[in-house]
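*Asks:* Have a look at this one before I ask anything.
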Amino acid sequence: MTPLVYLHVGAPKSGTTYLQNVMWHNRSVLAGQGVLYPGDDPSAHVWAAFDLRRTFFDGQREPATIDAWPRLVDEVRRWDGRAAVISQELLASAFPDHVERALADLDFAEVHLVYTARDLARQIPAHWQEDVKNRAALTFGEFVTGLRDPDAARSPWVREFWRMQDAAAVLERWSPGIPPERVHVVTLPPPGAPNRLLLERFCALIGADPDGLDTSQVFGNPSLGVAETELVRRINLATRDTVDWPVHDVYVKHDLAQERLTARAGATRIRLPEAYRPWVLERSRELAGALAAAGYGVVGDLDDLVPAFPGTAATADPGEIPETDVLDAALDAVVALLGHCAEERRGDTGGPSTDDLLDQVALLRADTARLVELCTPPSPVKDVVRDLSERHRLVMRARETYWRLAEARRTHEAGK
């Protein structure tokens with residue numbers, strides 16, 4: 001019997017990380033149901049996608065990606081069960097030559113394309129903050145302005161959004177020679193739906209039993225809040241020319257952003273501001289209509305892709321975030337990182353003792369609370385910041401970075 005391969009090609013921020021982690025943690029259970037989730041590492045599918053596309057973040061080349069695609073395909077070819085799943089959202093932006101190679105390599109199987117889709121009102125903010133984690137420096141306003149006129153947009157981040165998030169275009173690019181009945185759109189449930197509904201829809205497609213899957217150890221890819229995203233965006237501006245991608249990847253994207261800033265209590269979610277809603281609603285209806293016209297199989301409902309915009313939902317425009325909120329996030333981040341450094345130095349006799357470092361953390365945390373409390377008019381903000389910077393080298397460096405950015409902005413504005 002010809003094996004089935006479900007090739008899950010996107011989209012980013014549509015529950016892909018959650019589904020991939022469910023499959024990774026339940027490989028043996030899925031195998032018992034006749035479904036292979038290949039790879040000997042949780043990152044095997046992302047390495048394979050990078051290898052297929054001959055690319056990597058920030059123009060770098062990661063050794064782990066070399067021959068990762070043929071290794072994954074070979075494992076699928078050796079599988080004697082009913083089906084296999086290859087899942088990586090970065091495949092959404094593949095070019096026609098990448099698609100041709102992928103389908104040629106999988107010609108021993110009956111390939112089914114799968115695309116998980118979420119409404120644009122949630123996708124645009126989520127995708128923007130994900131780009132910021134990956135070193136984009138566009139403001140939210142610049143990003144959305146570019147999305148509305150992609151032909152005129154110069155930013156590669158804008159062009160990449162539509163290469164990944166235009167479901168109809170992605171599936172058309174990936175489906176030469178594949179009949180519509182083997183192309184599937186799984187829609188993300190609207191806000192408020194049961195948490196397991198996306199998993200149940202995906203499992204119904206691939207023929208797996210969701211009730212047998214353990215999700216207790218599974219994590220998704222949480223988004224940053226408004227202030228946290230703006231902080232990372234400013235870090236990108238300040239470090240772009242001095243910090244290489246591997247350092248940014250470990251310390252900014254993963255350690256700072258994904259581990260620490262996403263865990264901040266009380267973070268304000270990024271929601272689409274009202275000014276953008278009419279255009280997003282029109283574009284969403286166009287995308288849903290294009291999918292319906294293509295005749296693809298739908299698991300869920302294409303109406304899920306048309307945002308409802310509940311009137312009671314609070315919105316936060318990332319372009320109007322108070323400076324004190326960004327400062328609060330920055331100092332919380334410094335405190336968290338100092339605490340991490342203190343733990344790393346435990347038992348190290350070559351420098352300050354752990355107790356000394358933890359005392360410094362406690363002092364800085366107290367100063368953070370004082371600064372946030374005082375950073376509202378008409379308090380003497382400059383005096384407070386100056387006082388902190390004289391006692392904390394990291395705060396002084398933050399002031400120096402601010403001065404450089406402010407001077408660059410004044411120079412730019414003067415040249416207009």
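Letters A, B, ... mark the chains of the structure tokens in the order given; residue numbers begin at 1 per chain; ligand numbers begin at 1, in order shown.
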Can you list, as a PyMOL selection string, every protein, DNA or RNA residue that comes within 10 Å of range 102-108 of chain A when you count only C-alpha atoms, leaving out same-chain residues fewer than 6 positions away?
*Replies:* chain A and resi 2-5+7+49+52-53+69-70+73-74+76-77+94+96+174-178
*Asks:* Please write the residues from the selection above to a file, keeping N, CA and C atoms, as a CSV table (one decimal), in the first residue's frame.
*Replies:*
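Written out: result.csv:
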```
chain,number,residue,atom,x,y,z
A,2,THR,N,0.6,2.2,-0.8
A,2,THR,CA,1.3,3.5,-0.9
A,2,THR,C,1.1,4.2,0.4
A,3,PRO,N,2.3,4.6,1.1
A,3,PRO,CA,2.1,5.3,2.4
A,3,PRO,C,1.6,6.7,2.1
A,4,LEU,N,0.9,7.2,3.2
A,4,LEU,CA,0.5,8.6,3.2
A,4,LEU,C,1.5,9.5,3.9
A,5,VAL,N,1.8,10.6,3.3
A,5,VAL,CA,2.6,11.6,4.0
A,5,VAL,C,1.8,12.9,4.1
A,7,LEU,N,2.1,16.5,4.7
A,7,LEU,CA,3.1,17.6,4.7
A,7,LEU,C,2.5,18.9,5.2
A,49,ALA,N,13.6,21.8,7.1
A,49,ALA,CA,13.0,22.9,6.3
A,49,ALA,C,14.1,23.9,5.9
A,52,LEU,N,16.1,22.2,3.1
A,52,LEU,CA,15.4,22.2,1.8
A,52,LEU,C,15.5,23.5,1.2
A,53,ARG,N,15.3,24.6,1.9
A,53,ARG,CA,15.3,26.0,1.4
A,53,ARG,C,16.7,26.6,1.3
A,69,TRP,N,17.1,17.4,5.5
A,69,TRP,CA,16.0,17.0,4.7
A,69,TRP,C,16.0,15.6,4.2
A,70,PRO,N,17.1,15.2,3.5
A,70,PRO,CA,17.1,13.8,3.1
A,70,PRO,C,17.1,12.8,4.2
A,73,VAL,N,13.4,12.4,5.1
A,73,VAL,CA,12.7,11.7,4.0
A,73,VAL,C,13.1,10.2,4.1
A,74,ASP,N,14.3,9.9,4.3
A,74,ASP,CA,14.8,8.5,4.3
A,74,ASP,C,14.1,7.8,5.5
A,76,VAL,N,11.1,8.5,6.7
A,76,VAL,CA,9.7,8.3,6.2
A,76,VAL,C,9.6,7.1,5.2
A,77,ARG,N,10.6,7.0,4.3
A,77,ARG,CA,10.6,6.0,3.3
A,77,ARG,C,10.7,4.6,3.9
A,94,ALA,N,8.5,28.5,1.0
A,94,ALA,CA,9.3,27.8,0.0
A,94,ALA,C,9.1,28.4,-1.4
A,96,PRO,N,9.2,27.8,-5.7
A,96,PRO,CA,8.8,26.7,-6.5
A,96,PRO,C,9.9,25.6,-6.7
A,174,TRP,N,2.4,25.1,-3.4
A,174,TRP,CA,2.8,23.8,-3.0
A,174,TRP,C,2.1,22.6,-3.7
A,175,SER,N,1.0,22.9,-4.5
A,175,SER,CA,0.2,21.8,-4.9
A,175,SER,C,0.2,21.5,-6.4
A,176,PRO,N,1.3,21.8,-7.2
A,176,PRO,CA,1.3,21.4,-8.6
A,176,PRO,C,1.2,19.9,-8.7
A,177,GLY,N,0.2,19.4,-9.4
A,177,GLY,CA,0.0,17.9,-9.6
A,177,GLY,C,-0.7,17.2,-8.4
A,178,ILE,N,-1.0,18.0,-7.4
A,178,ILE,CA,-1.8,17.4,-6.2
A,178,ILE,C,-3.2,17.8,-6.3
```
*Asks:* May I have the residues within 8 Å of Glu228 in chain A as a list of chain:residue names, using only C-alpha atoms and disregarding those fewer than 3 positions away in the same chain?
*Replies:*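 Returned residues: A:Leu224, A:Gly225, A:Leu231, A:Val232, A:Ala257, A:Leu261, A:Thr262, A:Ala267, A:Val326, A:Ala329, A:Ala330.
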*Asks:* If DSSP is run on the backbone, what residues of range 100-201 of chain A are strand (DSSP E)? A reply as a list in words would be ideal.
*Replies:*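 The residues of range 100-201 of chain A classed as strand (DSSP E) are Glu110, Val111, His112, Leu113, Val114, Tyr115, Thr116, Ala117, Val183, His184, Val185, Val186 and Thr187 of chain A.
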*Asks:* I need the chosen residues saved as an mmCIF file, in the first residue's frame, with N, CA, C and O atoms.
*Replies:*
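Result went into selection01.cif, see below:
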```
data_model
loop_
_atom_site.group_PDB
_atom_site.id
_atom_site.type_symbol
_atom_site.label_atom_id
_atom_site.label_comp_id
_atom_site.auth_asym_id
_atom_site.auth_seq_id
_atom_site.Cartn_x
_atom_site.Cartn_y
_atom_site.Cartn_z
ATOM 1 N N GLU A 110 1.893 9.025 -1.167
ATOM 2 C CA GLU A 110 0.762 9.868 -1.533
ATOM 3 C C GLU A 110 0.785 11.085 -0.613
ATOM 4 O O GLU A 110 0.489 10.982 0.580
ATOM 5 N N VAL A 111 1.170 12.229 -1.159
ATOM 6 C CA VAL A 111 1.365 13.428 -0.357
ATOM 7 C C VAL A 111 0.045 14.174 -0.188
ATOM 8 O O VAL A 111 -0.667 14.437 -1.162
ATOM 9 N N HIS A 112 -0.254 14.516 1.061
ATOM 10 C CA HIS A 112 -1.383 15.379 1.389
ATOM 11 C C HIS A 112 -0.819 16.658 2.003
ATOM 12 O O HIS A 112 -0.032 16.599 2.961
ATOM 13 N N LEU A 113 -1.205 17.796 1.460
ATOM 14 C CA LEU A 113 -0.765 19.070 2.014
ATOM 15 C C LEU A 113 -1.701 19.492 3.136
ATOM 16 O O LEU A 113 -2.923 19.331 3.039
ATOM 17 N N VAL A 114 -1.110 20.046 4.204
ATOM 18 C CA VAL A 114 -1.891 20.511 5.344
ATOM 19 C C VAL A 114 -1.448 21.929 5.684
ATOM 20 O O VAL A 114 -0.249 22.215 5.747
ATOM 21 N N TYR A 115 -2.437 22.799 5.901
ATOM 22 C CA TYR A 115 -2.142 24.178 6.279
ATOM 23 C C TYR A 115 -3.083 24.553 7.419
ATOM 24 O O TYR A 115 -4.303 24.507 7.276
ATOM 25 N N THR A 116 -2.512 24.879 8.578
ATOM 26 C CA THR A 116 -3.315 25.374 9.693
ATOM 27 C C THR A 116 -3.403 26.889 9.577
ATOM 28 O O THR A 116 -2.394 27.571 9.403
ATOM 29 N N ALA A 117 -4.618 27.413 9.675
ATOM 30 C CA ALA A 117 -4.847 28.837 9.407
ATOM 31 C C ALA A 117 -5.595 29.488 10.562
ATOM 32 O O ALA A 117 -6.497 28.889 11.153
ATOM 33 N N VAL A 183 -5.532 18.365 -0.512
ATOM 34 C CA VAL A 183 -5.057 19.616 0.095
ATOM 35 C C VAL A 183 -6.048 19.993 1.189
ATOM 36 O O VAL A 183 -7.254 20.071 0.948
ATOM 37 N N HIS A 184 -5.542 20.219 2.402
ATOM 38 C CA HIS A 184 -6.413 20.373 3.565
ATOM 39 C C HIS A 184 -6.085 21.658 4.335
ATOM 40 O O HIS A 184 -4.919 21.950 4.600
ATOM 41 N N VAL A 185 -7.121 22.369 4.694
ATOM 42 C CA VAL A 185 -6.998 23.549 5.549
ATOM 43 C C VAL A 185 -7.625 23.213 6.892
ATOM 44 O O VAL A 185 -8.802 22.831 6.955
ATOM 45 N N VAL A 186 -6.835 23.328 7.963
ATOM 46 C CA VAL A 186 -7.345 23.127 9.324
ATOM 47 C C VAL A 186 -7.442 24.502 9.960
ATOM 48 O O VAL A 186 -6.427 25.179 10.152
ATOM 49 N N THR A 187 -8.649 24.935 10.254
ATOM 50 C CA THR A 187 -8.814 26.274 10.814
ATOM 51 C C THR A 187 -8.670 26.252 12.331
ATOM 52 O O THR A 187 -9.098 25.305 13.000
#
```
*Asks:* Could you check how far CA of Val9 in chain A sits from CA of Ala126 in chain A, in Å to one decimal?
*Replies:*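 Between these atoms lies a distance of 17.9 Å.
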*Asks:* How many Å separate CA of Gln123 in chain A from CA of Leu213 in chain A?
*Replies:* 27.1 Å
*Asks:* Please provide the set of residues having any atom within 9 Å of Glu130 in chain A, restricted to only C-alpha atoms, with same-chain residues fewer than 3 positions apart removed, written as a ChimeraX atom specification.
*Replies:* /A:12-13,125-127,133-136,223-224,229
*Asks:* Given only C-alpha atoms as the basis, pick out the residue of A:Ala227, A:Leu237, A:Pro246, A:Tyr251 nearest to Ile321 in chain A.
*Replies:*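 Of A:Ala227, A:Leu237, A:Pro246, A:Tyr251, the one nearest Ile321 in chain A, counting only C-alpha atoms, is A:Ala227.
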*Asks:* Restricting the calculation to only C-alpha atoms: of A:Asp51, A:Asp332, A:Glu323, A:Glu282, which residue gets closest to Asp119 in chain A?
*Replies:*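 Under the stated criterion, the closest residue is A:Glu282.
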